[in-house]
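Chemist: Structure file upload_7.cif (mmCIF, C-alpha atoms) is given on the next line.
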```
data_work
#
loop_
_atom_site.label_atom_id
_atom_site.label_comp_id
_atom_site.auth_asym_id
_atom_site.auth_seq_id
_atom_site.Cartn_x
_atom_site.Cartn_y
_atom_site.Cartn_z
CA GLU A 1 99.14 96.39 107.88
CA VAL A 2 98.05 99.73 106.47
CA GLN A 3 95.81 99.37 103.43
CA LEU A 4 94.08 101.91 101.25
CA VAL A 5 91.72 100.61 98.59
CA GLU A 6 90.13 102.97 96.08
CA SER A 7 86.95 102.25 94.13
CA GLY A 8 84.39 104.04 92.04
CA GLY A 9 86.39 104.84 88.93
CA GLY A 10 85.08 104.26 85.44
CA LEU A 11 84.03 105.82 82.17
CA VAL A 12 81.90 108.97 82.36
CA LYS A 13 80.78 111.51 79.80
CA PRO A 14 81.96 115.13 79.91
CA GLY A 15 79.80 117.07 82.33
CA GLY A 16 79.00 113.93 84.29
CA SER A 17 79.66 113.01 87.90
CA LEU A 18 81.46 110.27 89.75
CA ARG A 19 82.13 109.50 93.40
CA LEU A 20 85.38 107.86 94.39
CA SER A 21 85.81 105.99 97.66
CA CYS A 22 88.87 104.93 99.59
CA ALA A 23 88.54 102.25 102.27
CA ALA A 24 91.23 102.45 104.92
CA SER A 25 92.37 99.76 107.32
CA GLY A 26 95.28 98.89 109.57
CA PHE A 27 95.56 102.28 111.29
CA THR A 28 93.50 104.79 113.26
CA PHE A 29 91.90 106.52 110.29
CA SER A 30 90.47 109.39 112.32
CA SER A 31 93.97 110.47 113.41
CA TYR A 32 95.35 111.22 109.96
CA CYS A 33 94.81 113.83 107.31
CA MET A 34 94.01 112.24 103.97
CA ASN A 35 94.62 113.22 100.38
CA TRP A 36 93.72 112.59 96.77
CA VAL A 37 96.47 112.70 94.15
CA ARG A 38 95.93 112.03 90.45
CA GLN A 39 98.06 111.11 87.47
CA ALA A 40 96.94 111.61 83.89
CA PRO A 41 98.06 108.91 81.44
CA GLY A 42 101.79 109.27 80.79
CA LYS A 43 102.01 112.41 82.94
CA GLY A 44 103.28 113.38 86.37
CA LEU A 45 101.63 113.49 89.76
CA GLU A 46 99.11 116.20 90.59
CA TRP A 47 97.87 116.85 94.13
CA VAL A 48 94.08 117.22 94.06
CA SER A 49 92.71 117.67 97.58
CA SER A 50 93.33 117.19 101.29
CA ILE A 51 91.07 116.89 104.33
CA THR A 52 91.98 117.24 107.98
CA THR A 53 91.09 114.69 110.63
CA SER A 54 87.72 116.13 111.65
CA SER A 55 86.93 117.55 108.22
CA THR A 56 87.45 121.04 109.62
CA TYR A 57 89.72 122.11 106.79
CA LEU A 58 89.40 121.16 103.14
CA TYR A 59 91.99 122.06 100.52
CA TYR A 60 91.74 121.87 96.73
CA ALA A 61 93.88 122.38 93.67
CA ALA A 62 92.71 125.30 91.58
CA SER A 63 91.99 122.93 88.70
CA VAL A 64 89.21 121.15 90.65
CA ARG A 65 87.98 123.77 93.11
CA GLY A 66 84.23 124.28 92.80
CA ARG A 67 83.76 120.96 90.97
CA PHE A 68 85.21 118.37 93.35
CA THR A 69 84.34 117.83 97.02
CA ILE A 70 86.46 115.82 99.43
CA SER A 71 84.85 114.24 102.49
CA ARG A 72 85.44 111.49 105.01
CA ASP A 73 83.48 109.24 107.35
CA ASN A 74 85.67 108.36 110.31
CA ALA A 75 83.10 105.86 111.59
CA LYS A 76 83.41 103.96 108.32
CA ASN A 77 87.16 104.51 107.87
CA SER A 78 86.45 105.93 104.45
CA LEU A 79 87.56 108.83 102.29
CA TYR A 80 85.54 110.16 99.37
CA LEU A 81 85.91 112.41 96.36
CA GLN A 82 82.73 113.67 94.71
CA MET A 83 83.59 114.79 91.19
CA ASN A 84 81.08 116.90 89.26
CA SER A 85 81.20 118.68 85.91
CA LEU A 86 83.90 116.33 84.76
CA ARG A 87 86.14 117.29 81.87
CA ALA A 88 88.38 115.33 79.54
CA GLU A 89 91.40 116.72 81.38
CA ASP A 90 90.21 115.03 84.59
CA THR A 91 91.03 111.67 83.02
CA ALA A 92 93.60 110.10 85.35
CA VAL A 93 94.39 107.45 87.88
CA TYR A 94 93.23 108.76 91.25
CA TYR A 95 95.17 107.74 94.33
CA CYS A 96 94.20 108.20 97.95
CA ALA A 97 97.16 108.73 100.23
CA ARG A 98 97.74 109.16 103.94
CA ASP A 99 99.68 111.90 105.68
CA SER A 100 102.58 110.35 107.54
CA VAL A 101 102.18 112.30 110.78
CA GLU A 102 99.17 111.98 113.07
CA TYR A 103 97.13 115.13 113.63
CA SER A 104 99.36 117.09 111.26
CA THR A 105 98.49 118.73 108.01
CA SER A 106 100.69 118.68 104.92
CA SER A 107 103.06 115.96 106.01
CA PRO A 108 104.63 113.57 103.46
CA LEU A 109 102.43 110.83 102.04
CA ASP A 110 103.60 107.50 103.37
CA TYR A 111 100.85 105.12 102.28
CA TRP A 112 99.07 105.09 98.94
CA GLY A 113 96.29 103.04 97.44
CA GLN A 114 96.63 101.21 94.15
CA GLY A 115 94.62 103.87 92.32
CA THR A 116 91.36 103.92 90.41
CA LEU A 117 91.10 105.02 86.78
CA VAL A 118 88.66 107.74 85.81
CA THR A 119 88.10 108.24 82.10
CA VAL A 120 86.10 111.22 80.89
CA SER A 121 85.09 110.75 77.28
CA SER A 122 82.05 110.92 75.06
CA ASP H 123 101.30 128.90 94.44
CA ILE H 124 104.73 127.33 94.75
CA GLN H 125 106.13 125.81 91.56
CA LEU H 126 108.70 123.02 91.62
CA THR H 127 111.05 122.54 88.69
CA GLN H 128 112.85 119.24 88.42
CA SER H 129 115.88 118.60 86.27
CA PRO H 130 116.67 116.71 84.25
CA SER H 131 113.35 115.33 83.07
CA LEU H 132 115.13 112.29 81.64
CA LEU H 133 118.35 110.78 82.88
CA SER H 134 120.17 107.90 81.23
CA ALA H 135 122.53 106.06 83.53
CA SER H 136 124.21 102.72 84.12
CA VAL H 137 124.16 100.38 87.09
CA GLY H 138 126.68 101.62 89.62
CA ASP H 139 126.49 105.27 88.52
CA ARG H 140 126.06 108.10 90.98
CA VAL H 141 122.90 109.98 90.05
CA THR H 142 121.72 113.43 91.14
CA ILE H 143 118.29 114.96 90.54
CA THR H 144 117.58 118.60 91.27
CA CYS H 145 114.34 120.22 92.43
CA ARG H 146 114.03 124.00 92.53
CA ALA H 147 111.19 125.81 94.28
CA SER H 148 109.80 129.13 93.06
CA GLN H 149 110.02 130.47 96.62
CA GLY H 150 111.61 129.35 99.86
CA ILE H 151 110.08 126.28 101.45
CA SER H 152 112.58 125.69 104.27
CA SER H 153 112.99 121.90 104.41
CA TYR H 154 109.39 121.02 103.62
CA LEU H 155 110.24 118.77 100.73
CA ALA H 156 109.70 115.08 100.06
CA TRP H 157 110.93 112.75 97.32
CA TYR H 158 109.00 109.82 95.87
CA GLN H 159 109.86 106.95 93.58
CA GLN H 160 107.31 105.54 91.15
CA LYS H 161 107.57 102.46 88.99
CA PRO H 162 105.27 101.89 86.00
CA GLY H 163 101.75 100.88 87.00
CA LYS H 164 102.49 101.31 90.70
CA ALA H 165 101.71 103.89 93.35
CA PRO H 166 104.46 106.30 94.40
CA LYS H 167 106.70 105.35 97.31
CA LEU H 168 108.02 107.84 99.85
CA LEU H 169 111.84 107.92 99.89
CA ILE H 170 112.90 111.13 101.65
CA TYR H 171 111.05 113.59 103.88
CA ALA H 172 112.04 116.90 105.45
CA ALA H 173 114.50 117.27 102.55
CA SER H 174 117.11 114.90 103.97
CA SER H 175 115.49 112.30 106.24
CA LEU H 176 115.40 108.74 104.92
CA GLN H 177 112.04 107.01 105.17
CA SER H 178 112.11 103.74 107.09
CA GLY H 179 113.06 100.79 104.90
CA VAL H 180 114.59 102.87 102.12
CA PRO H 181 118.15 101.85 101.17
CA SER H 182 120.93 104.12 102.38
CA ARG H 183 122.16 104.70 98.81
CA PHE H 184 119.35 107.26 98.59
CA SER H 185 120.02 110.65 100.15
CA GLY H 186 118.52 114.10 100.01
CA SER H 187 119.90 117.55 100.69
CA GLY H 188 119.05 121.21 100.41
CA SER H 189 116.85 123.84 101.95
CA GLY H 190 115.15 127.01 100.87
CA THR H 191 114.75 126.79 97.12
CA GLU H 192 117.23 124.18 95.93
CA PHE H 193 117.15 120.48 96.70
CA THR H 194 118.83 117.35 95.43
CA LEU H 195 118.13 113.64 95.50
CA THR H 196 121.23 111.49 95.11
CA ILE H 197 121.50 107.78 94.45
CA SER H 198 125.07 106.87 95.33
CA SER H 199 125.27 103.67 93.26
CA LEU H 200 122.38 103.01 90.93
CA GLN H 201 120.87 99.54 91.22
CA PRO H 202 118.65 97.75 88.65
CA GLU H 203 115.58 98.28 90.82
CA ASP H 204 116.18 102.05 90.90
CA PHE H 205 115.19 102.58 87.27
CA ALA H 206 111.96 104.48 87.82
CA SER H 207 110.49 107.98 87.91
CA TYR H 208 111.21 110.34 90.78
CA TYR H 209 109.11 113.26 92.02
CA CYS H 210 109.68 116.00 94.55
CA GLN H 211 106.77 117.49 96.52
CA GLN H 212 106.61 120.67 98.55
CA LEU H 213 104.74 120.54 101.84
CA ASN H 214 105.31 124.14 102.88
CA SER H 215 101.88 125.43 101.95
CA TYR H 216 98.67 124.60 100.14
CA PRO H 217 98.16 123.97 97.34
CA LEU H 218 100.69 121.19 97.68
CA THR H 219 102.63 120.71 94.48
CA PHE H 220 104.79 118.11 92.80
CA GLY H 221 107.69 118.60 90.47
CA GLY H 222 107.30 117.46 86.90
CA GLY H 223 109.26 114.26 87.49
CA THR H 224 112.54 112.71 86.43
CA LYS H 225 112.64 109.40 84.63
CA VAL H 226 115.81 107.42 85.24
CA GLU H 227 116.37 104.99 82.39
CA ILE H 228 118.99 102.43 81.55
CA LYS H 229 121.81 103.80 79.42
#
```
Is it possible to express this structure as structure tokens?
Modeler:
Amino acid sequence: EVQLVESGGGLVKPGGSLRLSCAASGFTFSSYCMNWVRQAPGKGLEWVSSITTSSTYLYYAASVRGRFTISRDNAKNSLYLQMNSLRAEDTAVYYCARDSVEYSTSSPLDYWGQGTLVTVSS
Amino acid sequence: DIQLTQSPSLLSASVGDRVTITCRASQGISSYLAWYQQKPGKAPKLLIYAASSLQSGVPSRFSGSGSGTEFTLTISSLQPEDFASYYCQQLNSYPLTFGGGTKVEIK
């Protein structure tokens, strides 16, 4: 069974940093592109970042580029999101999600974690 | 960047109704469009990919159509478990984008 479990969320002050993790199991993690998608309270979905299988290509939304860094450790079946210079508008539930097609970028997201809440507030 | 505009943002309907949600792209995206369903407090669920292909396990009352810049998601006969929010997503190019969402509520 495919499982994605996020962790690392919490309360952080504006300007602070946080590192999110996503532990993957039940599939060959190294074969799939992975993504972070967020959802602010009461708002819609916002794609944040994607990483290809070997970390060759990294993609970011304009709203986080230069502040967030996506990475992965295929040996540990884990996905990460390092978030620096956090702002109030980064407050959201952050989901990790898997591309549905092996070795393919930008394919639909077929498995999602349960999400981890990041709150940026003083 | 490609913008997706969903309409309506709120739809009131009854069980058994036929429901259609529209997603318009700011430029052509061929058939690189997916639809998701999200219930409160839950992660999104993939319903439709490649504009019209039904994801495994999704009931056949859900269907998608369109290509280029205009797409639709149709629920042929709304069931109680279908009251949720729906989002389109373009997968044509980065940055990937979602539509603003459509909430389907009980009339």
Chemist: Return as a ChimeraX atom specification the set of residues that the PyMOL selection byres ((chain A) within 9 of (chain H)) yields on the displayed structure.
Modeler: /A:43-49,59-62,95,105-115
Chemist: Can you list, as a PDB file with C-alpha atoms, keeping the file's coordinate frame, the residues that the PyMOL selection byres ((chain A and resi 2) around 10) selects here?
Modeler:
```
ATOM      1  CA  GLU A   1      99.140  96.390 107.880  1.00  0.00           C
ATOM      2  CA  GLN A   3      95.810  99.370 103.430  1.00  0.00           C
ATOM      3  CA  LEU A   4      94.080 101.910 101.250  1.00  0.00           C
ATOM      4  CA  ALA A  24      91.230 102.450 104.920  1.00  0.00           C
ATOM      5  CA  SER A  25      92.370  99.760 107.320  1.00  0.00           C
ATOM      6  CA  GLY A  26      95.280  98.890 109.570  1.00  0.00           C
ATOM      7  CA  PHE A  27      95.560 102.280 111.290  1.00  0.00           C
ATOM      8  CA  THR A  28      93.500 104.790 113.260  1.00  0.00           C
ATOM      9  CA  PHE A  29      91.900 106.520 110.290  1.00  0.00           C
ATOM     10  CA  ARG A  98      97.740 109.160 103.940  1.00  0.00           C
ATOM     11  CA  TYR A 111     100.850 105.120 102.280  1.00  0.00           C
ATOM     12  CA  TRP A 112      99.070 105.090  98.940  1.00  0.00           C
ATOM     13  CA  GLY A 113      96.290 103.040  97.440  1.00  0.00           C
TER      14      GLY A 113
END
```
Chemist: Quick one: which residues end up in the PyMOL selection byres ((chain A and resi 22) around 9) for this structure, as an NGL selection string?
Modeler: :A and (4-8 or 20-21 or 23-24 or 77-81 or 95-96 or 113)
Chemist: Save out the residues we just selected, C-alpha atoms, as an mmCIF file, in the frame of the given file.
Modeler:
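As written to disk, selection05.cif reads:
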```cif
data_model
loop_
_atom_site.group_PDB
_atom_site.id
_atom_site.type_symbol
_atom_site.label_atom_id
_atom_site.label_comp_id
_atom_site.auth_asym_id
_atom_site.auth_seq_id
_atom_site.Cartn_x
_atom_site.Cartn_y
_atom_site.Cartn_z
ATOM 1 C CA LEU A 4 94.080 101.910 101.250
ATOM 2 C CA VAL A 5 91.720 100.610 98.590
ATOM 3 C CA GLU A 6 90.130 102.970 96.080
ATOM 4 C CA SER A 7 86.950 102.250 94.130
ATOM 5 C CA GLY A 8 84.390 104.040 92.040
ATOM 6 C CA LEU A 20 85.380 107.860 94.390
ATOM 7 C CA SER A 21 85.810 105.990 97.660
ATOM 8 C CA ALA A 23 88.540 102.250 102.270
ATOM 9 C CA ALA A 24 91.230 102.450 104.920
ATOM 10 C CA ASN A 77 87.160 104.510 107.870
ATOM 11 C CA SER A 78 86.450 105.930 104.450
ATOM 12 C CA LEU A 79 87.560 108.830 102.290
ATOM 13 C CA TYR A 80 85.540 110.160 99.370
ATOM 14 C CA LEU A 81 85.910 112.410 96.360
ATOM 15 C CA TYR A 95 95.170 107.740 94.330
ATOM 16 C CA CYS A 96 94.200 108.200 97.950
ATOM 17 C CA GLY A 113 96.290 103.040 97.440
#
```
Chemist: Can you tell me, as a list of chain:residue names, which residues sit within 8 Å of (114.2, 122.3, 106.1) in the file's frame, using all atoms listed in the file?
Modeler: H:Ile151, H:Ser152, H:Ser153, H:Tyr154, H:Leu155, H:Ala172, H:Ala173, H:Gly188, H:Ser189, H:Gly190
Chemist: A:Ala75, A:Ile70, A:Ile51, A:Leu11: which is nearest Tyr103 in chain A, counting only C-alpha atoms?
Modeler: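 Once distances to Tyr103 in chain A are computed over only C-alpha atoms, the minimum belongs to A:Ile51.
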Chemist: One decimal, Å: what's the distance from CA of Ala88 in chain A over to CA of Ala40 in chain A, could you say?
Modeler: 10.3 Å
Chemist: What lies within 6 Å of Phe193 in chain H using all atoms listed in the file, ignoring chain neighbours under 4 positions off, as a ChimeraX atom specification?
Modeler: /H:144-145,187-188
Chemist: What is the distance, in Å and to one decimal place, between CA of Gly15 in chain A and CA of Thr119 in chain A?
Modeler: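 Separating CA of Gly15 in chain A from CA of Thr119 in chain A is a distance of 12.1 Å.
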Chemist: For a test of reading the model, state the distance in Å between CA of Gln82 in chain A and CA of Thr116 in chain A, rounded to one decimal.
Modeler: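 If I compute the distance from CA of Gln82 in chain A to CA of Thr116 in chain A, I get 13.7 Å.
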